[in-house]
>>> print(open('entry20.csv').read())   # CSV, C-alpha atoms
chain,number,residue,atom,x,y,z
A,132,MET,CA,2.7,5.4,-4.1
A,133,ALA,CA,0.6,2.3,-3.8
A,134,GLN,CA,-1.1,0.0,-1.3
A,135,HIS,CA,-1.5,2.7,1.3
A,136,ASP,CA,-2.7,1.0,4.6
A,137,SER,CA,-6.2,1.6,5.6
A,138,ALA,CA,-7.3,2.6,9.1
A,139,ALA,CA,-8.7,-0.8,10.0
A,140,SER,CA,-7.1,-2.4,13.1
A,141,ARG,CA,-4.4,-4.8,12.1
A,142,VAL,CA,-3.0,-6.1,15.4
A,143,SER,CA,-4.8,-9.2,16.8
A,144,HIS,CA,-3.9,-12.4,18.7
A,145,ASN,CA,-6.1,-14.1,16.0
A,146,ALA,CA,-4.5,-15.5,12.9
A,147,PHE,CA,-6.1,-14.2,9.8
A,148,ILE,CA,-6.1,-14.2,6.0
A,149,LYS,CA,-7.0,-11.0,4.1
A,150,LEU,CA,-7.4,-10.2,0.4
A,151,ASN,CA,-7.0,-6.6,-0.7
A,152,TYR,CA,-7.9,-5.3,-4.2
A,153,GLU,CA,-7.3,-1.8,-5.5
A,154,ASN,CA,-8.2,-0.3,-8.9
A,155,ASP,CA,-8.5,3.2,-10.2
A,156,TYR,CA,-11.6,2.0,-12.1
A,157,PHE,CA,-13.5,2.7,-8.9
A,158,ALA,CA,-12.5,6.4,-9.4
A,159,GLY,CA,-13.5,6.4,-13.0
A,160,THR,CA,-10.0,6.4,-14.5
A,161,ASP,CA,-7.5,4.0,-16.1
A,162,ILE,CA,-4.2,5.7,-15.5
A,163,TYR,CA,-1.2,5.8,-13.3
A,164,TYR,CA,-1.6,3.4,-10.3
A,165,THR,CA,-4.1,1.2,-12.2
A,166,GLN,CA,-4.3,-2.0,-10.1
A,167,GLY,CA,-2.9,-3.6,-6.9
A,168,ILE,CA,-3.5,-7.0,-5.4
A,169,ARG,CA,-2.3,-7.8,-1.8
A,170,PHE,CA,-2.7,-11.0,0.2
A,171,GLU,CA,-2.0,-10.9,3.9
A,172,PHE,CA,-1.3,-13.9,6.1
A,173,ALA,CA,-0.9,-13.6,9.9
A,174,PHE,CA,0.0,-16.6,12.0
A,175,PRO,CA,2.0,-16.9,15.3
A,176,TRP,CA,4.4,-19.5,13.8
A,177,LEU,CA,5.7,-16.8,11.3
A,178,SER,CA,7.7,-15.4,14.2
A,179,TYR,CA,10.2,-18.2,13.4
A,180,SER,CA,11.1,-16.8,10.0
A,181,PRO,CA,14.7,-15.6,10.0
A,182,PHE,CA,13.6,-12.4,8.2
A,183,MET,CA,11.7,-11.3,11.4
A,184,LEU,CA,15.0,-11.0,13.2
A,185,VAL,CA,15.9,-7.8,11.3
A,186,LEU,CA,12.5,-6.2,12.2
A,187,PRO,CA,12.3,-4.2,15.5
A,188,LYS,CA,9.3,-4.2,17.8
A,189,LEU,CA,8.0,-2.1,20.8
A,190,SER,CA,8.8,-3.2,24.3
A,191,ASN,CA,6.0,-4.7,26.4
A,192,SER,CA,3.8,-5.1,23.3
A,193,ILE,CA,1.5,-7.6,21.7
A,194,THR,CA,3.2,-8.6,18.4
A,195,GLN,CA,1.7,-9.9,15.2
A,196,TYR,CA,3.8,-11.6,12.5
A,197,GLU,CA,2.6,-11.4,8.9
A,198,ILE,CA,3.6,-12.3,5.4
A,199,THR,CA,2.3,-10.3,2.4
A,200,ALA,CA,2.2,-11.1,-1.3
A,201,VAL,CA,1.8,-8.0,-3.5
A,202,GLN,CA,1.5,-7.1,-7.1
A,203,ASP,CA,1.2,-3.4,-8.2
A,204,CYS,CA,0.8,-2.1,-11.8
A,205,PHE,CA,1.2,1.4,-13.3
A,206,THR,CA,0.4,2.9,-16.7
A,207,PRO,CA,0.7,6.3,-18.4
A,208,THR,CA,-2.3,8.6,-19.1
A,209,SER,CA,-3.2,6.8,-22.3
A,210,ILE,CA,-2.8,3.0,-22.8
A,211,THR,CA,-3.8,3.2,-26.5
A,212,ILE,CA,-0.7,4.9,-27.8
A,213,ASP,CA,2.0,2.7,-29.2
A,214,THR,CA,4.9,5.1,-28.7
A,215,ILE,CA,6.8,6.4,-25.7
A,216,GLN,CA,4.8,9.2,-24.1
A,217,ARG,CA,7.5,11.6,-23.1
A,218,GLY,CA,6.9,13.4,-19.8
A,219,ASP,CA,4.2,10.9,-18.8
A,220,ARG,CA,4.4,8.1,-16.2
A,221,PRO,CA,6.2,5.0,-17.6
A,222,TYR,CA,4.5,1.6,-17.6
A,223,ALA,CA,5.8,-0.3,-14.6
A,224,GLY,CA,5.0,-3.2,-12.3
A,225,TYR,CA,6.4,-5.1,-9.5
A,226,ILE,CA,5.8,-8.2,-7.4
A,227,TYR,CA,7.2,-9.0,-3.9
A,228,LEU,CA,6.9,-11.0,-0.8
A,229,GLY,CA,7.0,-8.9,2.4
A,230,HIS,CA,7.7,-9.9,6.1
A,231,GLU,CA,5.9,-7.6,8.6
A,232,LYS,CA,6.2,-7.4,12.4
A,233,ILE,CA,3.4,-5.3,13.9
A,234,SER,CA,3.7,-4.5,17.7
A,235,ALA,CA,1.2,-2.5,19.7
A,236,ASN,CA,1.2,-1.2,23.3
A,237,ALA,CA,-2.4,-0.4,24.3
A,238,THR,CA,-1.3,1.3,27.6
A,239,LYS,CA,0.9,3.8,25.8
A,240,ALA,CA,-1.4,3.9,22.7
A,241,GLU,CA,1.4,3.3,20.3
A,242,LYS,CA,2.1,0.9,17.4
A,243,LEU,CA,5.2,0.1,15.3
A,244,THR,CA,5.0,-1.6,11.9
A,245,ALA,CA,8.3,-2.9,10.5
A,246,GLU,CA,8.4,-4.5,7.1
A,247,LEU,CA,11.0,-6.0,4.7
A,248,ASP,CA,10.0,-6.4,1.1
A,249,LEU,CA,11.9,-8.7,-1.4
A,250,GLY,CA,10.9,-9.0,-5.0
A,251,MET,CA,11.3,-7.8,-8.6
A,252,LEU,CA,10.3,-4.9,-10.7
A,253,GLY,CA,9.8,-5.3,-14.4
A,254,SER,CA,8.2,-7.7,-16.9
A,255,CYS,CA,8.4,-10.6,-14.4
A,256,ALA,CA,5.5,-9.0,-12.4
A,257,GLU,CA,3.3,-9.9,-15.5
A,258,CYS,CA,1.3,-6.7,-15.3
A,259,GLU,CA,1.2,-6.6,-19.1
A,260,GLU,CA,-0.4,-10.1,-19.4
A,261,GLU,CA,-2.8,-9.4,-16.6
A,262,GLN,CA,-4.1,-6.1,-18.0
A,263,GLN,CA,-4.3,-7.6,-21.5
A,264,ALA,CA,-6.4,-10.5,-20.1
A,265,ILE,CA,-8.8,-8.1,-18.3
A,266,HIS,CA,-9.3,-5.9,-21.3
A,267,HIS,CA,-9.9,-8.9,-23.5
A,268,ALA,CA,-12.5,-10.2,-21.0
A,269,ILE,CA,-14.4,-6.9,-21.1
A,270,SER,CA,-13.9,-6.5,-24.9
A,271,ASP,CA,-11.9,-3.3,-24.4
A,272,ARG,CA,-9.0,-2.1,-26.5
A,273,GLN,CA,-5.7,-3.7,-25.6
A,274,PRO,CA,-2.9,-1.7,-24.0
A,275,GLU,CA,-0.2,-0.8,-26.5
A,276,GLY,CA,2.9,0.4,-24.6
A,277,TRP,CA,4.0,-2.3,-22.2
A,278,LYS,CA,7.1,-2.9,-24.4
A,279,TYR,CA,8.4,0.4,-22.9
A,280,GLN,CA,7.9,-0.5,-19.3
A,281,ILE,CA,10.5,0.1,-16.6
A,282,GLY,CA,13.3,-2.5,-16.9
A,283,THR,CA,13.8,-5.5,-14.6
A,284,GLY,CA,15.6,-5.0,-11.3
A,285,ALA,CA,15.6,-6.3,-7.7
A,286,MET,CA,13.2,-4.9,-5.1
A,287,VAL,CA,14.6,-4.6,-1.6
A,288,ASN,CA,12.8,-2.2,0.6
A,289,TYR,CA,12.7,-1.6,4.4
A,290,LYS,CA,9.8,0.2,6.0
A,291,LEU,CA,9.1,1.6,9.5
A,292,LEU,CA,5.9,3.2,10.6
A,293,TYR,CA,5.2,4.5,14.1
A,294,GLU,CA,1.7,5.5,15.2
A,295,LYS,CA,0.7,7.3,18.4
A,296,GLY,CA,-2.8,7.8,19.9
A,297,ILE,CA,-3.9,11.4,20.5
A,298,VAL,CA,-7.6,11.1,21.3
A,299,ARG,CA,-9.1,7.9,22.5
A,300,ASP,CA,-12.8,7.4,23.1
A,301,SER,CA,-15.3,4.6,22.7
A,302,ALA,CA,-16.8,6.2,19.6
A,303,LEU,CA,-13.9,8.3,18.3
A,304,ASP,CA,-10.2,8.1,18.1
A,305,ILE,CA,-7.4,10.2,16.5
A,306,TYR,CA,-3.8,9.2,16.0
A,307,GLY,CA,-0.8,10.5,14.2
A,308,TYR,CA,1.9,8.6,12.4
A,309,GLY,CA,5.3,9.0,10.7
A,310,GLY,CA,7.4,6.6,8.8
A,311,ILE,CA,10.2,5.9,6.3
A,312,ASN,CA,10.6,3.6,3.3
A,313,ALA,CA,14.2,3.0,2.0
A,314,GLY,CA,15.4,0.6,-0.7
A,315,THR,CA,15.9,0.0,-4.4
A,316,VAL,CA,12.3,1.0,-5.4
A,317,TYR,CA,10.9,3.5,-2.9
A,318,ASP,CA,12.8,6.1,-0.8
A,319,ASN,CA,10.4,8.4,1.0
A,320,ALA,CA,9.1,9.7,4.3
A,321,ILE,CA,5.5,10.1,5.3
A,322,ALA,CA,3.6,11.9,8.1
A,323,GLY,CA,-0.1,12.1,8.7
A,324,GLY,CA,-3.1,11.6,11.0
A,325,ARG,CA,-6.2,9.4,11.1
A,326,LEU,CA,-9.6,9.8,12.6
A,327,ARG,CA,-12.1,7.0,13.2
A,328,MET,CA,-15.8,7.3,14.3
A,329,GLY,CA,-18.3,4.6,15.1
A,330,LYS,CA,-18.7,1.4,17.0
A,331,MET,CA,-15.2,0.0,17.3
A,332,GLN,CA,-12.5,-1.3,19.7
A,333,SER,CA,-9.3,0.6,20.4
A,334,TYR,CA,-7.0,0.8,17.4
A,335,PHE,CA,-4.1,-0.2,19.7
A,336,ALA,CA,-5.9,-3.2,21.4
A,337,GLY,CA,-4.3,-6.6,20.8
A,338,ASN,CA,-7.4,-8.7,20.9
A,339,ARG,CA,-10.6,-8.7,18.8
A,340,LYS,CA,-13.1,-8.2,21.6
A,341,ARG,CA,-16.1,-6.7,19.9
A,342,LYS,CA,-18.4,-9.0,18.0
A,343,LEU,CA,-19.6,-6.1,15.9
A,344,GLN,CA,-17.6,-3.1,14.6
A,345,LEU,CA,-18.9,-0.5,12.2
A,346,TYR,CA,-17.0,2.7,11.7
A,347,THR,CA,-15.9,5.3,9.2
A,348,PHE,CA,-12.4,6.8,8.9
A,349,LEU,CA,-10.4,9.6,7.4
A,350,ASP,CA,-6.7,9.5,6.8
A,351,CYS,CA,-4.6,12.5,5.6
A,352,TRP,CA,-0.9,12.5,5.0
A,353,MET,CA,2.1,14.2,3.3
A,354,GLU,CA,4.8,12.2,1.6
A,355,GLY,CA,8.3,13.5,0.9
A,356,VAL,CA,9.7,11.7,-2.2
A,357,GLY,CA,13.4,10.9,-2.5
A,358,TYR,CA,13.2,8.2,-5.2
A,359,ASN,CA,10.5,6.2,-7.0
A,360,ALA,CA,11.8,3.4,-9.2
A,361,THR,CA,8.3,3.0,-10.9
A,362,LEU,CA,9.0,6.5,-12.4
A,363,GLN,CA,12.8,6.6,-12.5
A,364,GLY,CA,14.0,3.1,-12.9
A,365,VAL,CA,15.5,0.7,-10.4
A,366,LEU,CA,18.5,2.1,-8.5
A,367,PHE,CA,21.9,1.0,-9.8
A,368,SER,CA,20.3,-0.1,-13.1
A,369,ASN,CA,20.2,1.6,-16.5
A,370,ASN,CA,18.2,-1.0,-18.5
A,371,SER,CA,14.9,1.0,-18.9
A,372,ILE,CA,14.0,2.1,-22.4
A,373,TYR,CA,12.2,5.1,-20.9
A,374,LYS,CA,12.2,6.7,-17.5
A,375,LEU,CA,11.7,10.1,-15.9
A,376,SER,CA,14.5,12.4,-14.6
A,377,PRO,CA,14.5,13.8,-11.1
A,378,ASN,CA,13.3,17.2,-12.5
A,379,ASN,CA,10.0,15.5,-13.6
A,380,ILE,CA,9.2,14.2,-10.0
A,381,ASP,CA,7.2,16.2,-7.6
A,382,PRO,CA,9.1,16.0,-4.3
A,383,VAL,CA,5.9,16.3,-2.1
A,384,VAL,CA,2.7,14.4,-2.5
A,385,LEU,CA,-0.4,15.0,-0.4
A,386,GLY,CA,-3.1,12.5,0.0
A,387,TYR,CA,-6.2,11.4,1.8
A,388,THR,CA,-8.2,8.2,2.3
A,389,TYR,CA,-11.7,7.8,3.5
A,390,GLY,CA,-13.9,4.7,3.9
A,391,ILE,CA,-15.9,2.4,6.0
A,392,CYS,CA,-15.2,-0.9,7.9
A,393,LEU,CA,-17.7,-3.5,8.9
A,394,SER,CA,-16.5,-6.4,11.1
A,395,TYR,CA,-18.7,-9.1,12.7
A,396,LYS,CA,-17.2,-12.1,14.6
A,397,SER,CA,-14.6,-13.7,12.3
A,398,VAL,CA,-15.2,-11.7,9.1
A,399,SER,CA,-14.4,-8.1,8.2
A,400,PHE,CA,-15.1,-6.0,5.1
A,401,GLU,CA,-13.7,-2.5,4.3
A,402,TYR,CA,-14.0,-0.1,1.4
A,403,THR,CA,-11.8,3.0,1.0
A,404,SER,CA,-11.2,5.7,-1.6
A,405,THR,CA,-7.8,7.3,-1.9
A,406,HIS,CA,-6.8,10.5,-3.7
A,407,ILE,CA,-3.3,12.0,-4.2
A,408,THR,CA,-1.8,15.1,-5.7
A,409,TYR,CA,0.7,15.2,-8.5
A,410,GLU,CA,3.5,12.6,-8.5
A,411,ILE,CA,4.8,14.0,-11.8
A,412,VAL,CA,5.2,17.7,-12.7
A,413,ASN,CA,2.3,18.9,-14.9
A,414,SER,CA,0.4,15.7,-14.6
A,415,HIS,CA,-3.0,14.9,-13.0
A,416,TYR,CA,-4.4,14.2,-9.5
A,417,HIS,CA,-5.2,10.6,-9.1
A,418,GLY,CA,-7.5,8.3,-7.1
A,419,TRP,CA,-8.4,4.7,-6.7
A,420,GLY,CA,-10.7,2.5,-4.6
A,421,HIS,CA,-9.8,-0.4,-2.3
A,422,ILE,CA,-11.7,-3.4,-1.1
A,423,GLY,CA,-10.5,-5.6,1.7
A,424,ILE,CA,-12.0,-8.8,3.0
A,425,ALA,CA,-10.5,-10.7,6.0
A,426,GLY,CA,-11.3,-13.9,7.8
A,427,TYR,CA,-10.0,-14.4,11.4
A,428,PHE,CA,-9.3,-17.7,13.2
>>> encode(input="entry20.csv", output="structure tokens")
Amino acid sequence: MAQHDSAASRVSHNAFIKLNYENDYFAGTDIYYTQGIRFEFAFPWLSYSPFMLVLPKLSNSITQYEITAVQDCFTPTSITIDTIQRGDRPYAGYIYLGHEKISANATKAEKLTAELDLGMLGSCAECEEEQQAIHHAISDRQPEGWKYQIGTGAMVNYKLLYEKGIVRDSALDIYGYGGINAGTVYDNAIAGGRLRMGKMQSYFAGNRKRKLQLYTFLDCWMEGVGYNATLQGVLFSNNSIYKLSPNNIDPVVLGYTYGICLSYKSVSFEYTSTHITYEIVNSHYHGWGHIGIAGYF
């Protein structure tokens, strides 16, 4: 699991650019999902991309078209051991370009996010080089085991996430959601709910109307795991030096995210903290922090 969406409103007539950075350093660790970088670009002209044709949308909705560029990196419990750590998470990394179509119907209080991700998993993601550079910059010990990372393979993943409002008020809203992710890297299903409190506009509104928004949020979910290539190697490929068997994978992962969002005129800032249960049998709970900064046009 990585790059779990925050509760900040994402549908708007305005074009925007957003930078998201995640790192488990914010939770005081350097294990498992260790770093993620995500750039989001939303412009009306992206509707002309041919990839948007395979993405559904809600009827009578306001629709946003978005491209994302993502890199996620994963490590085992210890990065100072120069041997394969049996039973532990493998080193892994991927990079991809995603097409997203996000449609919202404020009257029905519903939202549909459809996404197609195309990229690569393996050394081409350059997670090894990036982690080495960071550790060199802070004069920390270099990671030793990237030579054993999950082998190279294609990433083709298709996501659908449906959200429905349950309680809507000017200072509080609650909504539930469910989704699926299918492809060569992730195959899973997710269900959960979110609560927001504070000064904010409707989560399902299509326009940025409030000059000032300041609210907190809590997101709780359950994920059913069918396949995870960052643990088990890319589907239809057997080129990984080390990977985990299905018996090592926990089929159910629970998680929660809490945080705060501040938005004023054309700029927004959010910070969240995410925590999940075991992804691997007999492993550790894990957490990371997320910072998101967006500019609207």
>>> closest_residue(input="entry20.csv", among="A:Ile372, A:Leu366, A:Ala313, A:Ile422", to="A:Phe157", atoms="all atoms listed in the file")
A:Ile422
>>> closest_residue(input="entry20.csv", among="A:His267, A:Lys149, A:Lys330, A:His415", to="A:Phe170", atoms="only C-alpha atoms")
A:Lys149
>>> atom_distance(input="entry20.csv", atom1="atom CA of A:Phe172", atom2="atom CA of A:Leu150")
9.1 Å
>>> closest_residue(input="entry20.csv", among="A:Thr165, A:Ala237, A:Val398, A:Lys295", to="A:Gln332", atoms="only C-alpha atoms")
A:Ala237
>>> atom_distance(input="entry20.csv", atom1="atom CA of A:Thr388", atom2="atom CA of A:Glu410")
16.5 Å
>>> residues_around(input="entry20.csv", residues="A:Glu259", least_positions_apart="5", cutoff="10 Å", atoms="all atoms listed in the file", output="PyMOL selection string")
chain A and resi 204-206+222-224+253-254+264+273-278+280
>>> residues_around(input="entry20.csv", residues="A:Val365", least_positions_apart="4", cutoff="9 Å", atoms="only C-alpha atoms", output="short mmCIF file (atom, residue, chain, number, x, y, z; two decimals) with C-alpha atoms, in the frame of the given file")
data_model
loop_
_atom_site.label_atom_id
_atom_site.label_comp_id
_atom_site.auth_asym_id
_atom_site.auth_seq_id
_atom_site.Cartn_x
_atom_site.Cartn_y
_atom_site.Cartn_z
CA LEU A 252 10.30 -4.90 -10.70
CA ILE A 281 10.50 0.10 -16.60
CA GLY A 282 13.30 -2.50 -16.90
CA THR A 283 13.80 -5.50 -14.60
CA GLY A 284 15.60 -5.00 -11.30
CA ALA A 285 15.60 -6.30 -7.70
CA MET A 286 13.20 -4.90 -5.10
CA THR A 315 15.90 0.00 -4.40
CA VAL A 316 12.30 1.00 -5.40
CA ASN A 359 10.50 6.20 -7.00
CA ALA A 360 11.80 3.40 -9.20
CA THR A 361 8.30 3.00 -10.90
CA ASN A 369 20.20 1.60 -16.50
CA ASN A 370 18.20 -1.00 -18.50
CA SER A 371 14.90 1.00 -18.90
#
>>> closest_residue(input="entry20.csv", among="A:Glu171, A:Tyr196, A:Gly218, A:Thr238", to="A:Gln363", atoms="only C-alpha atoms")
A:Gly218
>>> closest_residue(input="entry20.csv", among="A:Glu401, A:Glu261, A:Asp300, A:Glu294", to="A:Gln344", atoms="all atoms listed in the file")
A:Glu401
>>> closest_residue(input="entry20.csv", among="A:Ile212, A:Ala425, A:Ile391, A:Val384", to="A:Ala173", atoms="all atoms listed in the file")
A:Ala425
>>> decode(input="entry20.csv", residues="stretch 274-290 of chain A", atoms="C-alpha atoms", output="tab-separated table (two decimals), in the first residue's frame")
chain	number	residue	atom	x	y	z
A	274	PRO	CA	21.66	0.94	2.25
A	275	GLU	CA	23.25	-2.41	1.45
A	276	GLY	CA	20.60	-4.67	-0.07
A	277	TRP	CA	19.20	-3.01	-3.20
A	278	LYS	CA	20.93	-5.65	-5.33
A	279	TYR	CA	18.19	-8.03	-4.15
A	280	GLN	CA	15.26	-5.80	-5.11
A	281	ILE	CA	12.16	-7.07	-6.91
A	282	GLY	CA	12.95	-7.66	-10.59
A	283	THR	CA	11.94	-5.42	-13.47
A	284	GLY	CA	8.44	-5.72	-14.92
A	285	ALA	CA	5.66	-3.70	-16.48
A	286	MET	CA	3.14	-1.88	-14.33
A	287	VAL	CA	-0.39	-1.74	-15.73
A	288	ASN	CA	-3.04	-1.03	-13.10
A	289	TYR	CA	-6.67	0.06	-13.30
A	290	LYS	CA	-8.41	1.66	-10.30
